Structure formats: structure tokens, C-alpha cells
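File shown: my_file-v8.pdb (PDB, C-alpha atoms).
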```pdb
MODEL        1
ATOM      1  CA  LEU W   1       5.652   3.153   4.674  1.00  0.00           C
ATOM      2  CA  VAL W   2       2.024   2.455   3.945  1.00  0.00           C
ATOM      3  CA  PRO W   3       0.938  -0.971   5.218  1.00  0.00           C
ATOM      4  CA  LYS W   4       0.139  -3.554   2.533  1.00  0.00           C
ATOM      5  CA  GLN W   5       1.733  -1.430  -0.186  1.00  0.00           C
ATOM      6  CA  TYR W   6       5.251  -2.854  -0.113  1.00  0.00           C
ATOM      7  CA  ILE W   7       7.180  -6.092  -0.270  1.00  0.00           C
ATOM      8  CA  LEU W   8      10.023  -6.725   2.137  1.00  0.00           C
ATOM      9  CA  VAL W   9      13.109  -8.070   0.351  1.00  0.00           C
ATOM     10  CA  HIS W  10      15.891  -9.587   2.446  1.00  0.00           C
ATOM     11  CA  LEU W  11      19.018 -10.216   0.363  1.00  0.00           C
ATOM     12  CA  PHE W  12      21.736 -10.978   2.887  1.00  0.00           C
ATOM     13  CA  ALA W  13      22.847 -14.171   4.633  1.00  0.00           C
ATOM     14  CA  GLY W  14      25.749 -12.897   6.715  1.00  0.00           C
ATOM     15  CA  ASN W  15      28.332 -14.602   4.503  1.00  0.00           C
ATOM     16  CA  LYS W  16      28.975 -15.099   0.805  1.00  0.00           C
ATOM     17  CA  THR W  17      28.936 -18.903   0.947  1.00  0.00           C
ATOM     18  CA  ARG W  18      25.144 -18.926   1.526  1.00  0.00           C
ATOM     19  CA  GLY W  19      24.077 -15.922  -0.453  1.00  0.00           C
ATOM     20  CA  LEU W  20      23.409 -14.189  -3.699  1.00  0.00           C
ATOM     21  CA  SER W  21      26.065 -12.312  -5.618  1.00  0.00           C
ATOM     22  CA  PRO W  22      25.606  -8.534  -5.857  1.00  0.00           C
ATOM     23  CA  GLU W  23      24.599  -8.986  -9.510  1.00  0.00           C
ATOM     24  CA  LYS W  24      21.889 -11.506  -8.614  1.00  0.00           C
ATOM     25  CA  LYS W  25      20.610  -9.241  -5.824  1.00  0.00           C
ATOM     26  CA  ARG W  26      20.294  -6.438  -8.356  1.00  0.00           C
ATOM     27  CA  ASP W  27      18.627  -8.814 -10.850  1.00  0.00           C
ATOM     28  CA  LEU W  28      16.056  -9.761  -8.214  1.00  0.00           C
ATOM     29  CA  LEU W  29      15.257  -6.149  -7.365  1.00  0.00           C
ATOM     30  CA  LEU W  30      14.965  -5.275 -11.065  1.00  0.00           C
ATOM     31  CA  ALA W  31      12.684  -8.252 -11.698  1.00  0.00           C
ATOM     32  CA  LEU W  32      10.463  -7.374  -8.731  1.00  0.00           C
ATOM     33  CA  SER W  33      10.307  -3.702  -9.771  1.00  0.00           C
ATOM     34  CA  SER W  34       9.310  -4.679 -13.286  1.00  0.00           C
ATOM     35  CA  ALA W  35       6.743  -7.294 -12.245  1.00  0.00           C
ATOM     36  CA  LEU W  36       5.193  -5.112  -9.525  1.00  0.00           C
ATOM     37  CA  PRO W  37       5.437  -1.532 -10.831  1.00  0.00           C
ATOM     38  CA  ASN W  38       3.021  -0.079  -8.256  1.00  0.00           C
ATOM     39  CA  ILE W  39       4.500  -1.833  -5.218  1.00  0.00           C
ATOM     40  CA  SER W  40       7.407  -0.428  -3.235  1.00  0.00           C
ATOM     41  CA  LEU W  41      10.333  -2.592  -2.230  1.00  0.00           C
ATOM     42  CA  VAL W  42      11.824  -2.431   1.256  1.00  0.00           C
ATOM     43  CA  VAL W  43      15.348  -3.834   1.341  1.00  0.00           C
ATOM     44  CA  SER W  44      16.470  -5.154   4.707  1.00  0.00           C
ATOM     45  CA  GLY W  45      19.793  -6.404   5.985  1.00  0.00           C
ATOM     46  CA  GLY W  46      22.264  -5.914   8.766  1.00  0.00           C
ATOM     47  CA  THR W  47      24.521  -2.976   9.512  1.00  0.00           C
ATOM     48  CA  ASN W  48      27.364  -4.514   7.506  1.00  0.00           C
ATOM     49  CA  ASP W  49      25.028  -4.947   4.508  1.00  0.00           C
ATOM     50  CA  ARG W  50      23.934  -1.322   4.208  1.00  0.00           C
ATOM     51  CA  THR W  51      26.494  -0.131   1.633  1.00  0.00           C
ATOM     52  CA  GLU W  52      25.842  -3.078  -0.678  1.00  0.00           C
ATOM     53  CA  ALA W  53      22.075  -2.742  -0.192  1.00  0.00           C
ATOM     54  CA  LEU W  54      22.237   0.893  -1.262  1.00  0.00           C
ATOM     55  CA  GLN W  55      24.328  -0.073  -4.318  1.00  0.00           C
ATOM     56  CA  VAL W  56      22.051  -2.883  -5.532  1.00  0.00           C
ATOM     57  CA  ALA W  57      18.936  -0.742  -4.982  1.00  0.00           C
ATOM     58  CA  ASP W  58      20.377   2.381  -6.609  1.00  0.00           C
ATOM     59  CA  GLY W  59      17.902   4.046  -8.956  1.00  0.00           C
ATOM     60  CA  LEU W  60      15.058   1.695  -8.081  1.00  0.00           C
ATOM     61  CA  ARG W  61      11.804   2.335  -6.248  1.00  0.00           C
ATOM     62  CA  ALA W  62      13.249   0.851  -3.073  1.00  0.00           C
ATOM     63  CA  ASN W  63      13.495   1.964   0.513  1.00  0.00           C
ATOM     64  CA  VAL W  64      16.732   0.600   2.014  1.00  0.00           C
ATOM     65  CA  ILE W  65      16.407  -0.100   5.735  1.00  0.00           C
ATOM     66  CA  ALA W  66      19.458  -2.365   5.967  1.00  0.00           C
ATOM     67  CA  GLY W  67      21.347  -1.527   9.132  1.00  0.00           C
ATOM     68  CA  GLU W  68      18.623   0.753  10.443  1.00  0.00           C
ATOM     69  CA  ALA W  69      15.751  -1.426  11.656  1.00  0.00           C
ATOM     70  CA  THR W  70      15.740  -3.137  15.025  1.00  0.00           C
ATOM     71  CA  LEU W  71      14.472  -6.713  15.258  1.00  0.00           C
ATOM     72  CA  GLN W  72      11.148  -5.448  16.617  1.00  0.00           C
ATOM     73  CA  GLU W  73      10.842  -2.888  13.812  1.00  0.00           C
ATOM     74  CA  LEU W  74      11.690  -5.565  11.249  1.00  0.00           C
ATOM     75  CA  THR W  75       8.963  -7.798  12.676  1.00  0.00           C
ATOM     76  CA  HIS W  76       6.440  -4.960  12.298  1.00  0.00           C
ATOM     77  CA  LEU W  77       7.634  -4.330   8.739  1.00  0.00           C
ATOM     78  CA  ILE W  78       7.166  -8.015   7.888  1.00  0.00           C
ATOM     79  CA  GLN W  79       3.637  -7.942   9.318  1.00  0.00           C
ATOM     80  CA  GLY W  80       2.804  -4.736   7.436  1.00  0.00           C
ATOM     81  CA  SER W  81       4.059  -6.012   4.093  1.00  0.00           C
ATOM     82  CA  LEU W  82       2.153  -7.660   1.272  1.00  0.00           C
ATOM     83  CA  GLY W  83       4.727 -10.429   1.434  1.00  0.00           C
ATOM     84  CA  VAL W  84       8.388 -11.234   1.818  1.00  0.00           C
ATOM     85  CA  VAL W  85      11.088 -12.343  -0.599  1.00  0.00           C
ATOM     86  CA  SER W  86      14.121 -13.580   1.300  1.00  0.00           C
ATOM     87  CA  ILE W  87      17.086 -15.804   1.070  1.00  0.00           C
ATOM     88  CA  ASP W  88      17.088 -18.598   3.643  1.00  0.00           C
ATOM     89  CA  THR W  89      17.794 -16.673   6.851  1.00  0.00           C
ATOM     90  CA  GLY W  90      16.117 -15.797  10.111  1.00  0.00           C
ATOM     91  CA  VAL W  91      14.043 -13.148   8.322  1.00  0.00           C
ATOM     92  CA  ALA W  92      12.466 -15.843   6.135  1.00  0.00           C
ATOM     93  CA  HIS W  93      11.713 -17.962   9.192  1.00  0.00           C
ATOM     94  CA  MET W  94      10.160 -14.958  10.958  1.00  0.00           C
ATOM     95  CA  ALA W  95       7.908 -14.341   7.951  1.00  0.00           C
ATOM     96  CA  ALA W  96       6.922 -18.015   7.909  1.00  0.00           C
ATOM     97  CA  GLN W  97       6.086 -17.964  11.626  1.00  0.00           C
ATOM     98  CA  LEU W  98       3.980 -14.853  11.073  1.00  0.00           C
ATOM     99  CA  ARG W  99       2.182 -16.655   8.209  1.00  0.00           C
ATOM    100  CA  MET W 100       3.095 -13.933   5.732  1.00  0.00           C
ATOM    101  CA  PRO W 101       3.241 -14.807   2.046  1.00  0.00           C
ATOM    102  CA  LEU W 102       6.858 -15.810   1.562  1.00  0.00           C
ATOM    103  CA  VAL W 103       9.066 -16.606  -1.384  1.00  0.00           C
ATOM    104  CA  VAL W 104      12.319 -18.034  -0.085  1.00  0.00           C
ATOM    105  CA  LEU W 105      15.500 -18.633  -2.056  1.00  0.00           C
ATOM    106  CA  THR W 106      17.680 -21.373  -0.648  1.00  0.00           C
ATOM    107  CA  GLY W 107      20.700 -23.393  -1.594  1.00  0.00           C
ATOM    108  CA  CYS W 108      20.778 -27.165  -1.562  1.00  0.00           C
ATOM    109  CA  LEU W 109      21.856 -27.302   2.084  1.00  0.00           C
ATOM    110  CA  GLY W 110      18.800 -25.431   3.356  1.00  0.00           C
ATOM    111  CA  SER W 111      15.974 -27.302   1.689  1.00  0.00           C
ATOM    112  CA  HIS W 112      15.173 -29.403   4.776  1.00  0.00           C
ATOM    113  CA  TRP W 113      14.142 -26.227   6.625  1.00  0.00           C
ATOM    114  CA  TRP W 114      11.285 -25.639   4.199  1.00  0.00           C
ATOM    115  CA  GLN W 115       9.394 -28.912   4.228  1.00  0.00           C
ATOM    116  CA  PRO W 116       5.588 -28.539   4.594  1.00  0.00           C
ATOM    117  CA  GLU W 117       5.766 -30.104   8.056  1.00  0.00           C
ATOM    118  CA  GLN W 118       7.996 -27.286   9.302  1.00  0.00           C
ATOM    119  CA  TYR W 119       5.314 -24.557   9.206  1.00  0.00           C
ATOM    120  CA  GLY W 120       2.233 -26.505   8.183  1.00  0.00           C
ATOM    121  CA  LYS W 121       0.913 -27.357   4.753  1.00  0.00           C
ATOM    122  CA  GLU W 122      -1.282 -24.237   4.735  1.00  0.00           C
ATOM    123  CA  ALA W 123       1.662 -21.856   5.241  1.00  0.00           C
ATOM    124  CA  PRO W 124       1.947 -19.504   2.245  1.00  0.00           C
ATOM    125  CA  ILE W 125       5.552 -20.420   1.389  1.00  0.00           C
ATOM    126  CA  THR W 126       7.118 -20.917  -2.030  1.00  0.00           C
ATOM    127  CA  VAL W 127      10.689 -22.236  -2.178  1.00  0.00           C
ATOM    128  CA  PHE W 128      13.091 -21.634  -5.034  1.00  0.00           C
ATOM    129  CA  SER W 129      16.349 -23.576  -5.221  1.00  0.00           C
ATOM    130  CA  ARG W 130      18.625 -25.077  -7.814  1.00  0.00           C
ATOM    131  CA  ALA W 131      19.573 -28.066  -5.675  1.00  0.00           C
ATOM    132  CA  ASP W 132      19.673 -30.038  -8.929  1.00  0.00           C
ATOM    133  CA  LEU W 133      23.075 -28.437  -9.538  1.00  0.00           C
ATOM    134  CA  CYS W 134      24.499 -30.181  -6.475  1.00  0.00           C
ATOM    135  CA  THR W 135      23.638 -33.816  -7.219  1.00  0.00           C
ATOM    136  CA  SER W 136      27.213 -34.828  -6.355  1.00  0.00           C
ATOM    137  CA  GLY W 137      27.187 -32.725  -3.184  1.00  0.00           C
ATOM    138  CA  HIS W 138      27.218 -29.036  -2.421  1.00  0.00           C
ATOM    139  CA  VAL W 139      29.949 -27.015  -4.109  1.00  0.00           C
ATOM    140  CA  TYR W 140      31.339 -24.769  -1.381  1.00  0.00           C
ATOM    141  CA  LYS W 141      32.282 -21.374  -2.795  1.00  0.00           C
ATOM    142  CA  GLU W 142      31.314 -17.743  -2.626  1.00  0.00           C
ATOM    143  CA  TYR W 143      27.841 -17.336  -4.112  1.00  0.00           C
ATOM    144  CA  PRO W 144      27.094 -21.033  -4.742  1.00  0.00           C
ATOM    145  CA  ASP W 145      25.319 -22.033  -7.939  1.00  0.00           C
ATOM    146  CA  CYS W 146      22.471 -23.789  -6.108  1.00  0.00           C
ATOM    147  CA  ILE W 147      21.136 -20.369  -5.079  1.00  0.00           C
ATOM    148  CA  ASN W 148      22.676 -18.062  -7.695  1.00  0.00           C
ATOM    149  CA  ALA W 149      21.269 -20.007 -10.659  1.00  0.00           C
ATOM    150  CA  ILE W 150      17.693 -19.324  -9.537  1.00  0.00           C
ATOM    151  CA  ASN W 151      15.810 -17.409 -12.213  1.00  0.00           C
ATOM    152  CA  MET W 152      14.911 -14.074 -10.626  1.00  0.00           C
ATOM    153  CA  ASP W 153      12.151 -13.418 -13.171  1.00  0.00           C
ATOM    154  CA  ASP W 154      10.484 -16.628 -11.934  1.00  0.00           C
ATOM    155  CA  VAL W 155      10.735 -15.375  -8.348  1.00  0.00           C
ATOM    156  CA  ALA W 156       9.200 -12.025  -9.292  1.00  0.00           C
ATOM    157  CA  SER W 157       6.491 -13.741 -11.307  1.00  0.00           C
ATOM    158  CA  ARG W 158       5.558 -15.844  -8.298  1.00  0.00           C
ATOM    159  CA  MET W 159       5.067 -12.676  -6.241  1.00  0.00           C
ATOM    160  CA  THR W 160       2.515 -11.406  -8.764  1.00  0.00           C
ATOM    161  CA  ARG W 161       0.227 -14.419  -8.391  1.00  0.00           C
ATOM    162  CA  SER W 162      -3.010 -13.866  -6.522  1.00  0.00           C
ATOM    163  CA  ASP W 163      -2.398 -17.014  -4.475  1.00  0.00           C
ATOM    164  CA  THR W 164       0.828 -15.428  -3.200  1.00  0.00           C
ATOM    165  CA  ILE W 165      -0.200 -11.833  -2.461  1.00  0.00           C
ATOM    166  CA  ALA W 166      -3.392  -9.846  -2.896  1.00  0.00           C
ATOM    167  CA  ILE W 167      -2.642  -6.722  -4.922  1.00  0.00           C
TER     168      ILE W 167
ENDMDL
END
```
Show this structure as C-alpha cells.
Amino acid sequence: LVPKQYILVHLFAGNKTRGLSPEKKRDLLLALSSALPNISLVVSGGTNDRTEALQVADGLRANVIAGEATLQELTHLIQGSLGVVSIDTGVAHMAAQLRMPLVVLTGCLGSHWWQPEQYGKEAPITVFSRADLCTSGHVYKEYPDCINAINMDDVASRMTRSDTIAI
């Protein structure tokens, strides 16, 4: 991988009750590929995520490292990226600590982790959530609406802005 010529995309939360459906993962990768045609995508995840990562990235300009990168290697990949798109997991928090441009997708239960005070007001973090869908409380189910209703074209569009990443 050539430094500063890829975006790291972390799609997996370890369980379905906090994450994106396979269709939404694919939608996100398609939106990013379309919005950033000259930028490679690096798809990370754990060992148990590898098969699904390969499926959702199939046919796209994406390098799947799910299940292959150590924590140290993942840290280096975050630092070498143009930016990170991640669901609300440890990978997103690592990117925030490293002050990398970050677009994080979170459900209604994770919004308190992304307040400006958490990483500083100058931290280059954009949060997408549909917490408005849980006004009566979180709906516990596989692939909850508060994260799966996020518009992936909006996420990809945010990554193209010069105040997010420098292309």
C-alpha cells in the first residue's frame, strides 16, 4: 500500500446488534468507490469477519486485510491512510487518538463517545447516526435502524471534502 493513497474502512463491530447489515456495508464501499475513484479502499476487520469482508468488497477496488493485520500493523495502516471510515469500535477510537480524519458511524447508544470533549474540538471527526429513529429508546435487534438508516452516499460525500481529507 502506498501511504496517503488509501482510506481505511472498518465495517465490523463484533456483533450484529451494533453493526451494519452486509447490504449496507456493500452500499458504503460502493459509495466510497464512486466518490473517490482514484483512492484505494482497505477493508479491515477481525479473523471472523474475513469471509464477509471479501464478499462485500467483491469486484471493488479494495484490499481486504480483515483477519490478517495485527493490532500494530492496523495502527500503522491507520497512520498511513488519508482517513478512516469506521463504525463505532476500537478502530474508530484509535483513529481519533491518532488525530486521523475520521468519519464514524454510530447507533444511538454510542453517541456519548463522540462528544467534542472526548478528543478535543479540533479533532477531525465527523459522526453519522440516525439516533432520531430511537426517540422512544433504542430498538434492540440485528442491524439496528439507528445505524443502518445512515445514508452511505452522505458518508462518502463527507470523505471527499477538503476539510476531511486532502486528496
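Coordinates place CA of Gly59 (chain W) at a distance of 16.2 Å from CA of Ala35 (chain W).
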Quick one: residues within 9 Å of Ser40 (chain W), only C-alpha atoms, excluding same-chain residues fewer than 6 positions away - as a PyMOL selection string? chain W and resi 1+5-8+33+61-63
Note to self: Here's the selection I'm unsure about, the PyMOL selection byres ((chain W and resi 89) around 9); applied to the file above, which residues does it give, as number ranges by chain?
What the structure shows: W: 10, 12-14, 86-88, 90-94, 104, 106
Original post:
On this structure, which residues satisfy the PyMOL selection byres ((chain W and resi 128) around 7), written as a VMD selection string?
Top reply: chain W and resid 104 to 106 126 to 127 129 150
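Distances to Ser34 (chain W) were evaluated for W:Ile167, W:Asp153, W:Ser81, W:Asp49 using only C-alpha atoms, and the minimum falls at W:Asp153.
Distances here use all atoms listed in the file; by that measure, the residue among W:Asn148, W:Leu74, W:Ala31, W:Val56 closest to Ser44 (chain W) is W:Leu74.
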Of W:Val9, W:Leu30, W:Ser21, W:Ser136, the one sitting nearest Val43 (chain W) when using all atoms listed in the file is W:Val9
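Note that CA of Gly137 (chain W) and CA of Thr17 (chain W) are 14.5 Å apart.
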CA of Asn48 (chain W) to CA of Asp154 (chain W) measures 28.5 Å
Decode the PyMOL selection byres ((chain W and resi 140-145) around 6) for the given file into explicit residues and return them as a count of residues only. 10
Skipping near chain neighbours, those fewer than 6 positions away, what residues fall within 8 Å of Leu29 (chain W) using all atoms listed in the file, listed as a VMD selection string? chain W and resid 41 56 to 57 60
One residue among W:Cys108, W:Leu11, W:Pro101, W:Ala96 is nearest to Leu28 (chain W) when using all atoms listed in the file, and that residue is W:Leu11
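Restricting the calculation to all atoms listed in the file, the smallest distance between Ala66 (chain W) and any of W:Val84, W:Ile78, W:Ile165, W:Val42 is found for W:Val42.
With only C-alpha atoms as the atoms that count, the minimum distance from His138 (chain W) to the choices W:Thr47, W:Asp58, W:Gly110, W:Asn38 is reached by W:Gly110.
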Handout entry: Shell of 10 Å around Arg99 (chain W), only C-alpha atoms, local chain residues under 6 positions omitted, as a PyMOL selection string
Key = chain W and resi 78-79+83+93+119-120+122-125
